[in-house]
$ cat coords23.txt   # compact mmCIF, C-alpha atoms and all ligand atoms
# COMPACT_ATOMS: atom_id res chain seq x y z
CA MET A 1 -152.63 32.46 -22.38
CA ALA A 2 -152.46 33.73 -25.98
CA ALA A 3 -155.24 32.59 -28.29
CA VAL A 4 -154.32 29.77 -30.66
CA TYR A 5 -155.23 30.13 -34.31
CA LEU A 6 -156.12 26.81 -35.96
CA ASP A 7 -157.93 28.13 -39.04
CA HIS A 8 -155.11 28.55 -41.56
CA ASN A 9 -157.25 27.38 -44.49
CA ALA A 10 -159.38 30.50 -43.96
CA THR A 11 -156.38 32.81 -43.94
CA THR A 12 -152.86 32.90 -42.53
CA PRO A 13 -151.04 35.52 -40.46
CA LEU A 14 -148.69 37.82 -42.40
CA ASP A 15 -145.07 36.63 -42.15
CA PRO A 16 -142.98 39.49 -40.64
CA ARG A 17 -140.40 38.96 -43.41
CA VAL A 18 -143.15 39.66 -45.94
CA LEU A 19 -144.33 42.76 -44.08
CA GLU A 20 -140.78 44.06 -44.12
CA VAL A 21 -140.61 44.11 -47.94
CA MET A 22 -144.12 45.58 -48.20
CA LEU A 23 -143.64 48.49 -45.81
CA PRO A 24 -141.50 50.70 -48.09
CA TRP A 25 -144.25 50.47 -50.71
CA MET A 26 -146.91 51.49 -48.19
CA SER A 27 -145.09 54.39 -46.57
CA GLY A 28 -142.79 55.45 -49.41
CA GLY A 29 -143.46 57.79 -52.31
CA PRO A 30 -146.30 57.34 -54.83
CA GLY A 31 -145.83 55.02 -57.76
CA ASN A 32 -148.31 53.85 -60.37
CA PRO A 33 -146.61 51.09 -62.41
CA SER A 34 -148.25 52.48 -65.57
CA SER A 35 -146.68 55.94 -65.15
CA VAL A 36 -143.76 56.67 -67.42
CA HIS A 37 -141.82 58.87 -64.95
CA SER A 38 -139.24 57.59 -62.48
CA PHE A 39 -141.77 57.08 -59.64
CA GLY A 40 -143.83 54.85 -61.93
CA GLN A 41 -140.82 52.98 -63.22
CA ARG A 42 -139.73 52.03 -59.70
CA ALA A 43 -143.20 50.63 -59.03
CA ARG A 44 -143.14 48.77 -62.37
CA GLU A 45 -139.81 47.16 -61.44
CA ALA A 46 -141.25 46.07 -58.09
CA VAL A 47 -144.32 44.48 -59.71
CA ASP A 48 -142.25 42.79 -62.40
CA GLY A 49 -139.78 41.56 -59.76
CA ALA A 50 -142.68 39.87 -57.97
CA ARG A 51 -143.85 38.38 -61.27
CA ASP A 52 -140.38 36.92 -61.87
CA ALA A 53 -140.45 35.43 -58.35
CA VAL A 54 -143.82 33.78 -59.03
CA ALA A 55 -142.60 32.25 -62.30
CA ARG A 56 -139.38 31.01 -60.62
CA SER A 57 -141.44 29.45 -57.83
CA LEU A 58 -144.24 27.76 -59.78
CA GLY A 59 -143.07 27.63 -63.39
CA GLY A 60 -144.29 29.25 -66.56
CA VAL A 61 -142.71 32.45 -67.87
CA PRO A 62 -143.30 35.81 -66.15
CA PRO A 63 -145.59 37.34 -68.81
CA GLU A 64 -148.00 34.39 -68.38
CA TRP A 65 -148.70 35.46 -64.76
CA VAL A 66 -151.46 37.99 -64.08
CA PHE A 67 -151.96 39.64 -60.69
CA THR A 68 -155.51 39.92 -59.36
CA ALA A 69 -157.04 41.09 -56.07
CA SER A 70 -158.30 37.68 -54.89
CA GLY A 71 -158.50 34.01 -55.73
CA THR A 72 -162.21 34.57 -56.26
CA GLU A 73 -161.52 37.20 -58.90
CA ALA A 74 -158.98 34.95 -60.64
CA ASN A 75 -161.41 32.00 -60.76
CA ASN A 76 -164.30 34.19 -61.89
CA ALA A 77 -162.11 35.75 -64.57
CA VAL A 78 -161.39 32.38 -66.17
CA LEU A 79 -164.94 30.98 -66.01
CA LEU A 80 -166.81 34.09 -67.03
CA GLY A 81 -164.19 35.22 -69.54
CA LEU A 82 -164.04 31.85 -71.32
CA ALA A 83 -167.84 31.58 -71.31
CA HIS A 84 -168.02 34.94 -73.04
CA HIS A 85 -165.32 33.83 -75.46
CA TRP A 86 -167.33 30.69 -76.29
CA GLN A 87 -170.53 32.64 -76.80
CA ALA A 88 -168.85 35.09 -79.14
CA ARG A 89 -167.61 32.21 -81.32
CA ALA A 90 -170.13 29.39 -81.09
CA LYS A 91 -173.13 31.71 -81.35
CA ASP A 92 -176.16 29.37 -80.97
CA LEU A 93 -174.46 26.22 -79.63
CA PRO A 94 -174.79 26.31 -75.81
CA GLY A 95 -171.41 25.91 -74.14
CA HIS A 96 -170.78 23.11 -71.64
CA LEU A 97 -168.74 23.32 -68.44
CA VAL A 98 -167.44 20.44 -66.30
CA ILE A 99 -166.59 21.11 -62.65
CA SER A 100 -166.13 18.99 -59.57
CA ALA A 101 -168.90 19.27 -56.99
CA VAL A 102 -166.35 20.18 -54.31
CA GLU A 103 -164.95 23.33 -55.93
CA HIS A 104 -164.77 26.56 -53.96
CA PRO A 105 -167.89 28.79 -54.14
CA SER A 106 -165.99 31.17 -56.46
CA ILE A 107 -166.28 28.42 -59.07
CA LEU A 108 -169.57 26.81 -57.97
CA ARG A 109 -171.47 30.13 -57.95
CA ALA A 110 -169.90 31.33 -61.21
CA ALA A 111 -171.04 28.03 -62.79
CA ASP A 112 -174.55 28.55 -61.37
CA ARG A 113 -174.65 31.96 -62.97
CA LEU A 114 -173.56 30.57 -66.33
CA GLU A 115 -176.16 27.82 -66.07
CA ALA A 116 -178.86 30.41 -65.41
CA SER A 117 -177.83 32.17 -68.62
CA GLY A 118 -178.08 29.08 -70.85
CA PHE A 119 -174.78 27.19 -70.42
CA ARG A 120 -174.88 23.54 -69.41
CA VAL A 121 -172.92 22.43 -66.35
CA THR A 122 -171.90 18.89 -65.34
CA ARG A 123 -170.90 18.60 -61.68
CA ILE A 124 -168.78 15.54 -60.87
CA ALA A 125 -169.38 14.20 -57.38
CA PRO A 126 -166.33 12.98 -55.43
CA ASP A 127 -166.13 9.68 -53.55
CA SER A 128 -166.84 9.51 -49.83
CA ASP A 129 -163.26 10.70 -49.14
CA GLY A 130 -163.71 13.85 -51.22
CA ALA A 131 -161.55 12.59 -54.10
CA VAL A 132 -162.73 13.05 -57.69
CA ASP A 133 -162.23 10.22 -60.20
CA GLY A 134 -160.37 11.65 -63.21
CA GLU A 135 -161.89 9.09 -65.58
CA ARG A 136 -165.39 10.28 -64.64
CA VAL A 137 -164.38 13.80 -65.55
CA ALA A 138 -163.18 12.54 -68.94
CA GLU A 139 -166.47 10.70 -69.52
CA ALA A 140 -168.36 13.98 -69.07
CA LEU A 141 -166.45 15.80 -71.85
CA GLU A 142 -168.41 16.86 -74.92
CA ASP A 143 -167.58 18.71 -78.11
CA ALA A 144 -169.19 21.81 -76.59
CA THR A 145 -167.14 21.61 -73.35
CA PHE A 146 -165.26 24.90 -73.18
CA LEU A 147 -163.63 24.38 -69.76
CA VAL A 148 -162.99 21.82 -66.99
CA CYS A 149 -162.41 23.06 -63.42
CA LEU A 150 -160.67 20.86 -60.89
CA MET A 151 -159.10 22.21 -57.72
CA LEU A 152 -155.75 20.83 -56.61
CA ALA A 153 -156.69 20.58 -52.92
CA ASN A 154 -160.03 21.00 -51.23
CA ASN A 155 -160.31 23.80 -48.69
CA GLU A 156 -162.60 21.94 -46.26
CA VAL A 157 -161.30 18.38 -46.07
CA GLY A 158 -157.92 18.81 -47.77
CA SER A 159 -158.40 16.03 -50.37
CA ILE A 160 -155.90 16.27 -53.23
CA GLN A 161 -157.37 15.84 -56.71
CA PRO A 162 -155.88 14.08 -59.77
CA VAL A 163 -155.37 17.31 -61.70
CA GLY A 164 -152.41 16.06 -63.77
CA ARG A 165 -154.37 13.03 -65.00
CA VAL A 166 -157.44 15.12 -65.81
CA ALA A 167 -155.31 17.65 -67.69
CA GLU A 168 -153.81 14.81 -69.74
CA LEU A 169 -157.26 13.42 -70.63
CA CYS A 170 -158.58 16.88 -71.49
CA ARG A 171 -155.55 17.71 -73.62
CA GLU A 172 -156.35 14.70 -75.83
CA ARG A 173 -159.70 16.37 -76.54
CA GLY A 174 -158.27 19.90 -76.81
CA ILE A 175 -160.30 21.08 -73.79
CA PRO A 176 -158.69 23.59 -71.41
CA VAL A 177 -158.42 23.00 -67.65
CA LEU A 178 -158.53 25.51 -64.79
CA CYS A 179 -156.83 24.38 -61.60
CA ASP A 180 -157.72 26.29 -58.44
CA ALA A 181 -154.52 25.83 -56.44
CA VAL A 182 -155.43 28.41 -53.78
CA GLN A 183 -155.23 25.89 -50.92
CA ALA A 184 -152.40 23.83 -52.38
CA VAL A 185 -149.71 26.47 -52.89
CA GLY A 186 -147.44 26.60 -49.85
CA LYS A 187 -148.60 23.20 -48.57
CA ILE A 188 -147.69 20.76 -51.37
CA PRO A 189 -145.38 21.11 -54.42
CA VAL A 190 -147.04 22.92 -57.33
CA SER A 191 -145.68 23.31 -60.87
CA VAL A 192 -147.88 24.66 -63.63
CA ARG A 193 -145.96 22.77 -66.32
CA GLU A 194 -145.99 19.45 -64.48
CA LEU A 195 -149.72 19.72 -63.87
CA GLY A 196 -150.21 20.39 -67.57
CA VAL A 197 -153.20 22.67 -67.02
CA ASP A 198 -154.04 25.83 -68.95
CA TYR A 199 -155.01 28.14 -66.08
CA LEU A 200 -154.01 28.07 -62.42
CA THR A 201 -155.01 30.35 -59.53
CA LEU A 202 -153.49 31.11 -56.12
CA GLY A 203 -153.98 33.59 -53.29
CA ALA A 204 -151.23 35.14 -51.13
CA HIS A 205 -153.22 35.17 -47.89
CA LYS A 206 -153.19 31.37 -47.75
CA PHE A 207 -149.38 31.25 -47.58
CA TYR A 208 -148.52 34.00 -45.08
CA GLY A 209 -148.75 36.80 -47.65
CA PRO A 210 -151.12 39.75 -47.62
CA LEU A 211 -154.88 39.78 -48.17
CA GLY A 212 -155.91 41.34 -51.48
CA ALA A 213 -153.19 39.78 -53.62
CA ALA A 214 -153.62 36.77 -55.87
CA ALA A 215 -152.36 35.50 -59.20
CA LEU A 216 -153.62 33.71 -62.26
CA TRP A 217 -151.48 31.77 -64.68
CA VAL A 218 -152.63 31.72 -68.29
CA ARG A 219 -150.61 29.30 -70.40
CA GLY A 220 -149.11 31.09 -73.40
CA GLY A 221 -151.50 30.68 -76.32
CA ALA A 222 -154.52 29.76 -74.16
CA ALA A 223 -157.70 31.72 -74.83
CA PHE A 224 -158.37 34.51 -72.38
CA GLU A 225 -160.73 37.44 -72.19
CA SER A 226 -160.27 40.12 -69.60
CA TYR A 227 -163.01 40.12 -66.99
CA LEU A 228 -162.23 43.58 -65.66
CA VAL A 229 -161.99 46.07 -68.51
CA GLY A 230 -160.55 49.56 -68.41
CA GLY A 231 -156.84 50.37 -68.49
CA GLY A 232 -154.30 48.21 -70.28
CA GLN A 233 -152.65 46.79 -67.13
CA GLU A 234 -151.34 43.23 -66.89
CA ARG A 235 -150.97 43.03 -70.68
CA ARG A 236 -154.63 43.91 -71.09
CA ARG A 237 -155.70 40.87 -69.09
CA ARG A 238 -156.74 42.62 -65.85
CA ALA A 239 -157.60 46.30 -65.85
CA GLY A 240 -156.95 48.30 -62.67
CA THR A 241 -153.85 49.81 -61.07
CA GLU A 242 -151.75 47.06 -59.50
CA ASN A 243 -151.73 46.93 -55.67
CA VAL A 244 -147.95 47.36 -55.49
CA PRO A 245 -147.35 46.58 -51.77
CA ALA A 246 -149.62 43.53 -51.89
CA VAL A 247 -148.05 42.22 -55.11
CA VAL A 248 -144.54 42.67 -53.66
CA GLY A 249 -145.72 40.79 -50.56
CA LEU A 250 -147.15 37.98 -52.67
CA GLY A 251 -143.82 37.51 -54.46
CA LYS A 252 -141.85 37.38 -51.21
CA ALA A 253 -144.36 35.10 -49.44
CA LEU A 254 -144.30 32.66 -52.34
CA GLU A 255 -140.50 32.54 -52.47
CA LEU A 256 -140.44 31.74 -48.74
CA ALA A 257 -143.25 29.19 -49.05
CA VAL A 258 -141.43 27.30 -51.80
CA ALA A 259 -138.01 27.49 -50.12
CA GLU A 260 -139.42 26.28 -46.79
CA LEU A 261 -142.05 23.90 -48.17
CA ASP A 262 -140.54 20.65 -46.89
CA GLU A 263 -139.93 21.83 -43.35
CA ARG A 264 -143.33 23.56 -43.15
CA ALA A 265 -145.16 20.48 -44.45
CA ALA A 266 -143.29 18.18 -42.05
CA ALA A 267 -144.10 20.41 -39.05
CA MET A 268 -147.76 20.74 -40.01
CA SER A 269 -148.27 17.04 -40.64
CA ALA A 270 -146.57 16.20 -37.32
CA MET A 271 -149.12 18.40 -35.50
CA ARG A 272 -152.04 17.14 -37.57
CA ASP A 273 -151.07 13.49 -37.02
CA ARG A 274 -150.58 14.00 -33.28
CA PHE A 275 -153.97 15.69 -33.10
CA GLU A 276 -155.71 12.91 -35.01
CA ALA A 277 -154.01 10.23 -32.91
CA GLY A 278 -155.39 11.96 -29.80
CA LEU A 279 -158.94 11.99 -31.17
CA GLY A 280 -159.30 8.26 -30.43
CA ALA A 281 -159.82 9.09 -26.75
CA LEU A 282 -162.72 11.46 -27.51
CA GLY A 283 -165.50 8.94 -28.12
CA ASP A 284 -167.71 8.88 -31.18
CA VAL A 285 -165.67 10.78 -33.78
CA SER A 286 -164.67 10.13 -37.40
CA ILE A 287 -162.14 11.87 -39.63
CA HIS A 288 -163.26 12.91 -43.11
CA ALA A 289 -161.14 12.21 -46.21
CA ARG A 290 -158.78 10.02 -44.25
CA GLY A 291 -158.71 7.40 -46.99
CA THR A 292 -157.21 9.67 -49.64
CA ALA A 293 -154.14 11.89 -50.13
CA ARG A 294 -154.71 15.06 -48.08
CA LEU A 295 -153.04 18.38 -47.40
CA PRO A 296 -150.56 18.03 -44.53
CA ASN A 297 -152.26 20.63 -42.33
CA THR A 298 -155.98 19.86 -42.62
CA SER A 299 -158.17 17.75 -40.39
CA ASN A 300 -161.96 17.67 -40.69
CA ILE A 301 -163.68 15.70 -37.97
CA ALA A 302 -167.27 14.67 -37.27
CA PHE A 303 -168.12 14.76 -33.55
CA HIS A 304 -171.24 12.65 -33.91
CA GLY A 305 -174.31 13.92 -32.10
CA VAL A 306 -172.71 17.28 -31.28
CA ALA A 307 -173.63 20.62 -32.91
CA ALA A 308 -170.34 21.80 -34.43
CA ASP A 309 -171.26 25.48 -34.20
CA SER A 310 -171.80 25.22 -30.40
CA LEU A 311 -168.52 23.37 -30.01
CA MET A 312 -166.71 25.94 -32.15
CA ILE A 313 -168.01 28.82 -30.00
CA ARG A 314 -167.00 27.05 -26.78
CA LEU A 315 -163.51 26.46 -28.20
CA ASP A 316 -163.29 30.09 -29.26
CA LEU A 317 -164.16 31.21 -25.72
CA GLU A 318 -161.30 28.99 -24.52
CA GLY A 319 -158.95 30.68 -27.00
CA PHE A 320 -158.87 28.15 -29.88
CA ALA A 321 -160.05 29.30 -33.33
CA VAL A 322 -161.34 26.56 -35.67
CA SER A 323 -164.00 26.45 -38.38
CA ALA A 324 -167.43 24.82 -38.35
CA GLY A 325 -167.49 24.75 -42.16
CA SER A 326 -171.25 25.14 -42.41
CA ALA A 327 -172.73 28.05 -44.29
CA CYS A 328 -175.04 30.13 -42.12
CA SER A 329 -177.68 31.85 -44.18
CA SER A 330 -181.00 32.92 -42.64
CA GLY A 331 -179.69 32.21 -39.13
CA LYS A 332 -179.93 28.44 -39.56
CA PRO A 333 -176.69 26.51 -40.19
CA GLU A 334 -176.71 24.62 -43.47
CA PRO A 335 -174.54 21.53 -43.97
CA SER A 336 -171.32 22.13 -45.87
CA ALA A 337 -171.71 21.68 -49.64
CA THR A 338 -168.41 19.77 -49.79
CA LEU A 339 -169.40 17.24 -47.11
CA THR A 340 -172.84 16.89 -48.69
CA ALA A 341 -171.27 16.21 -52.11
CA MET A 342 -169.16 13.50 -50.42
CA GLY A 343 -172.43 11.76 -49.49
CA ILE A 344 -172.23 12.68 -45.81
CA ASP A 345 -175.63 13.02 -44.15
CA PRO A 346 -176.72 16.48 -42.97
CA SER A 347 -176.52 15.71 -39.25
CA THR A 348 -172.95 14.39 -39.54
CA ALA A 349 -172.01 17.41 -41.68
CA LEU A 350 -173.44 19.76 -39.05
CA SER A 351 -171.36 18.04 -36.39
CA SER A 352 -168.08 18.50 -38.30
CA LEU A 353 -165.24 20.89 -37.48
CA ARG A 354 -162.23 21.83 -39.59
CA VAL A 355 -158.89 22.26 -37.85
CA SER A 356 -156.15 23.68 -40.08
CA PHE A 357 -152.63 23.96 -38.67
CA GLY A 358 -150.01 26.49 -39.73
CA THR A 359 -146.40 27.45 -39.32
CA THR A 360 -146.97 29.41 -36.12
CA ASN A 361 -148.54 26.44 -34.24
CA SER A 362 -146.60 24.05 -32.02
CA LEU A 363 -146.94 20.49 -30.74
CA ALA A 364 -147.50 21.94 -27.24
CA GLU A 365 -150.49 23.92 -28.57
CA THR A 366 -151.79 20.78 -30.23
CA ASP A 367 -151.71 18.94 -26.89
CA ARG A 368 -153.42 21.83 -25.10
CA PHE A 369 -156.05 21.94 -27.81
CA LEU A 370 -156.78 18.22 -27.36
CA GLU A 371 -157.27 18.73 -23.60
CA VAL A 372 -159.65 21.66 -24.10
CA LEU A 373 -161.48 19.83 -26.87
CA GLU A 374 -162.03 16.81 -24.63
CA ARG A 375 -163.44 19.00 -21.84
CA GLN A 376 -165.69 21.06 -24.12
CA LEU A 377 -166.89 18.01 -26.01
CA ALA A 378 -167.94 16.39 -22.73
CA ALA A 379 -169.74 19.61 -21.76
CA VAL A 380 -171.66 19.84 -25.07
CA ARG A 381 -172.56 16.15 -24.91
CA SER A 382 -173.90 16.41 -21.37
CA HIS A 383 -175.80 19.58 -22.30
CA THR A 384 -177.29 17.79 -25.34
CA ARG A 385 -178.31 14.80 -23.19
CA ALA A 386 -179.89 17.06 -20.56
CA ALA A 387 -181.84 18.96 -23.27
CA ALA A 388 -183.11 15.63 -24.67
CA GLY A 389 -184.09 14.49 -21.14
CA ILE A 390 -181.76 11.47 -21.32
C1 LIG A 401 -159.86 26.56 -52.79
C2 LIG A 401 -160.13 28.03 -52.73
N1 LIG A 401 -160.32 28.69 -53.87
C3 LIG A 401 -160.55 30.01 -53.89
C4 LIG A 401 -160.61 30.73 -52.72
C5 LIG A 401 -160.91 32.20 -52.79
O1 LIG A 401 -159.79 32.96 -52.51
P1 LIG A 401 -159.93 34.47 -52.01
O2 LIG A 401 -160.25 34.40 -50.56
O3 LIG A 401 -158.57 35.04 -52.28
O4 LIG A 401 -160.98 35.11 -52.80
C6 LIG A 401 -160.42 30.09 -51.50
C7 LIG A 401 -160.51 30.82 -50.22
O5 LIG A 401 -160.82 30.27 -49.19
C8 LIG A 401 -160.18 28.69 -51.50
O6 LIG A 401 -160.00 28.01 -50.37
$ encode --input "coords23.txt" --output "structure tokens" --more "lines below"
Ligand SMILES: Cc1ncc(COP(=O)(O)O)c(C=O)c1O
Amino acid sequence: MAAVYLDHNATTPLDPRVLEVMLPWMSGGPGNPSSVHSFGQRAREAVDGARDAVARSLGGVPPEWVFTASGTEANNAVLLGLAHHWQARAKDLPGHLVISAVEHPSILRAADRLEASGFRVTRIAPDSDGAVDGERVAEALEDATFLVCLMLANNEVGSIQPVGRVAELCRERGIPVLCDAVQAVGKIPVSVRELGVDYLTLGAHKFYGPLGAAALWVRGGAAFESYLVGGGQERRRRAGTENVPAVVGLGKALELAVAELDERAAAMSAMRDRFEAGLGALGDVSIHARGTARLPNTSNIAFHGVAADSLMIRLDLEGFAVSAGSACSSGKPEPSATLTAMGIDPSTALSSLRVSFGTTNSLAETDRFLEVLERQLAAVRSHTRAAAGI
């Protein structure tokens, strides 16, 4: 039987309709969008066509959208660029950054780096469901706060954050907000204007587009300093020749994601809900972030007393790909930073698996997965009992 992919928050398969529009740009003639000749102009039209599609899909005007090579690059560009901008202006006054403690590592690690070079960072912990309280973010604002980062949806547990409210509170203080919408785009409605933020990031490979293509929205008039310097591409906001096939793919994937959003979300939540309803029969399990608004496709479950990495490997051998969520440095699994920030103890965090459904999954696969999960869970539990001599 074909393997079943249940790790769509890590990356999604490329939609064949997206591949179709990319192929001519991979196998066709050369074209650097910055070249003045006809080859270059064709490539320029393709890149600008994708930019128009992004603005039609998520709001803003096309020139406000900047293409980058990854969500990580887009997030880094805003944090590190604005930090540099602050330093150049405020001179001796150390800048202050407010982030949620459940941001993606592309924001957490960039903040760590800034802290190590003299910036101050306030990390706002979420509640036990992984939801951040917008008022607590507002309380942390200072005159020296140069940026607030709040993701729209968490990659591990799927909790949806009050970005609109935080943007409103920050606007009253004139403080810009970066919204990492990498996990949200394609799963819930996203509009840059409705959110009221200043910067927003997304990545094509989370919504059935290609790897290596992402975008950053910079509200007209918002401060911005290019992180990559070199050529004058992307209106001098991101040096480097545009990846034409990937950018074209991003535009097409986003158009499809927005046009099909309702039906995709309904199908994913039907599978997720069926899966979670079936978990009741599996003994000592609990579902993280269940008490808050969540992405329709994401389920993060603690199988108490069971090592999630062993369970994940057993499931993989049975043809089901899910994520254990723990970081594995130095050969020893470390509890997920998101679950830890939610106040979840290390042993529960290390027994947690993330299942993320996608458009290519079916209810029949969900049922088969539950059967295999039940069998493998029983096997790991009996193995654990035998090892403990119980
Ligand atoms: C919430 C979030 N932000 C940023 C990223 C980074 O995106 P990329 O893989 O394109 O660097 C990810 C990827 O998993 C993510 O889930």
$ residues_near_ligand --input "coords23.txt" --ligand "ligand LIG 401 (chain A)" --cutoff "9 Å" --atoms "all atoms listed in the file" --output "PyMOL selection string"
chain A and resi 9-11+69-75+103-107+151-156+180-184+201-206+211-214
$ atom_distance --input "coords23.txt" --atom1 "atom CA of Glu371 of chain A" --atom2 "atom CA of Asn297 of chain A"
19.5 Å
$ closest_residue --input "coords23.txt" --among "A:Ala125, A:Ala266, A:Ala144, A:Val78" --to "Asp198 of chain A" --atoms "only C-alpha atoms"
A:Val78
$ residues_around --input "coords23.txt" --residues "segment 145-147 of chain A" --least-positions-apart "2" --cutoff "8 Å" --atoms "only C-alpha atoms" --output "NGL selection string"
:A and (79 or 82-83 or 86 or 95-98 or 141-143 or 149 or 175-178)
$ write_last_selection --input "coords23.txt" --atoms "C-alpha atoms" --output "mmCIF file, keeping the file's coordinate frame"
data_model
loop_
_atom_site.group_PDB
_atom_site.id
_atom_site.type_symbol
_atom_site.label_atom_id
_atom_site.label_comp_id
_atom_site.auth_asym_id
_atom_site.auth_seq_id
_atom_site.Cartn_x
_atom_site.Cartn_y
_atom_site.Cartn_z
ATOM 1 C CA LEU A 79 -164.940 30.980 -66.010
ATOM 2 C CA LEU A 82 -164.040 31.850 -71.320
ATOM 3 C CA ALA A 83 -167.840 31.580 -71.310
ATOM 4 C CA TRP A 86 -167.330 30.690 -76.290
ATOM 5 C CA GLY A 95 -171.410 25.910 -74.140
ATOM 6 C CA HIS A 96 -170.780 23.110 -71.640
ATOM 7 C CA LEU A 97 -168.740 23.320 -68.440
ATOM 8 C CA VAL A 98 -167.440 20.440 -66.300
ATOM 9 C CA LEU A 141 -166.450 15.800 -71.850
ATOM 10 C CA GLU A 142 -168.410 16.860 -74.920
ATOM 11 C CA ASP A 143 -167.580 18.710 -78.110
ATOM 12 C CA CYS A 149 -162.410 23.060 -63.420
ATOM 13 C CA ILE A 175 -160.300 21.080 -73.790
ATOM 14 C CA PRO A 176 -158.690 23.590 -71.410
ATOM 15 C CA VAL A 177 -158.420 23.000 -67.650
ATOM 16 C CA LEU A 178 -158.530 25.510 -64.790
#
$ closest_residue --input "coords23.txt" --among "A:Ala259, A:Thr298, A:Phe207, A:Asp345" --to "Pro13 of chain A" --atoms "all atoms listed in the file"
A:Phe207
$ residues_near_point --input "coords23.txt" --point "(-165.1, 12.9, -37.1)" --cutoff "9 Å" --atoms "all atoms listed in the file" --output "ChimeraX atom specification"
/A:279,284-288,300-304,348,351-353
$ atom_distance --input "coords23.txt" --atom1 "atom CA of Leu23 of chain A" --atom2 "atom CA of Arg42 of chain A"
14.9 Å
$ closest_residue --input "coords23.txt" --among "A:Leu216, A:Ala46, A:Ala281, A:Leu114" --to "Val66 of chain A" --atoms "only C-alpha atoms"
A:Leu216
$ atom_distance --input "coords23.txt" --atom1 "atom CA of Pro62 of chain A" --atom2 "atom CA of Glu260 of chain A"
21.9 Å
$ residues_around --input "coords23.txt" --residues "Arg51 of chain A" --least-positions-apart "5" --cutoff "9 Å" --atoms "all atoms listed in the file" --output "mmCIF file with C-alpha atoms, keeping the file's coordinate frame"
data_model
loop_
_atom_site.group_PDB
_atom_site.id
_atom_site.type_symbol
_atom_site.label_atom_id
_atom_site.label_comp_id
_atom_site.auth_asym_id
_atom_site.auth_seq_id
_atom_site.Cartn_x
_atom_site.Cartn_y
_atom_site.Cartn_z
ATOM 1 C CA ALA A 46 -141.250 46.070 -58.090
ATOM 2 C CA ARG A 56 -139.380 31.010 -60.620
ATOM 3 C CA VAL A 61 -142.710 32.450 -67.870
ATOM 4 C CA PRO A 62 -143.300 35.810 -66.150
ATOM 5 C CA PRO A 63 -145.590 37.340 -68.810
ATOM 6 C CA TRP A 65 -148.700 35.460 -64.760
ATOM 7 C CA VAL A 66 -151.460 37.990 -64.080
ATOM 8 C CA PHE A 67 -151.960 39.640 -60.690
ATOM 9 C CA VAL A 247 -148.050 42.220 -55.110
ATOM 10 C CA VAL A 248 -144.540 42.670 -53.660
ATOM 11 C CA GLY A 251 -143.820 37.510 -54.460
#
$ axis_aligned_box --input "coords23.txt" --around "segment 199-212 of chain A" --padding-each-side "4 Å" --output "AutoDock Vina command-line options"
--center_x -152.2 --center_y 34.7 --center_z -55.6 --size_x 15.4 --size_y 21.3 --size_z 29.0
$ closest_residue --input "coords23.txt" --among "A:Leu363, A:Ala378, A:Leu261, A:Leu254" --to "Leu311 of chain A" --atoms "all atoms listed in the file"
A:Ala378
$ closest_residue --input "coords23.txt" --among "A:Gly130, A:Gly59, A:Ala53, A:Leu93" --to "Met342 of chain A" --atoms "only C-alpha atoms"
A:Gly130
$ closest_residue --input "coords23.txt" --among "A:Pro210, A:Gly232, A:Gly278, A:Gly158" --to "Arg290 of chain A" --atoms "all atoms listed in the file"
A:Gly158
$ residues_around --input "coords23.txt" --residues "Val244 of chain A" --least-positions-apart "3" --cutoff "10 Å" --atoms "all atoms listed in the file" --output "list of chain:residue names"
A:Met22, A:Trp25, A:Met26, A:Gly31, A:Asn32, A:Pro33, A:Ala43, A:Arg44, A:Ala46, A:Val47, A:Ala50, A:Ala213, A:Thr241, A:Val247, A:Val248, A:Gly249, A:Leu250
$ residues_near_point --input "coords23.txt" --point "(-148.4, 12.3, -38.4)" --cutoff "12 Å" --atoms "all atoms listed in the file" --output "list in words"
Ala265, Ala266, Ala267, Met268, Ser269, Ala270, Met271, Arg272, Asp273, Arg274, Phe275, Glu276, Ala277, Gly278, Arg294, Leu295, Pro296, Asn297, Thr298, Ser299 and Leu363 of chain A
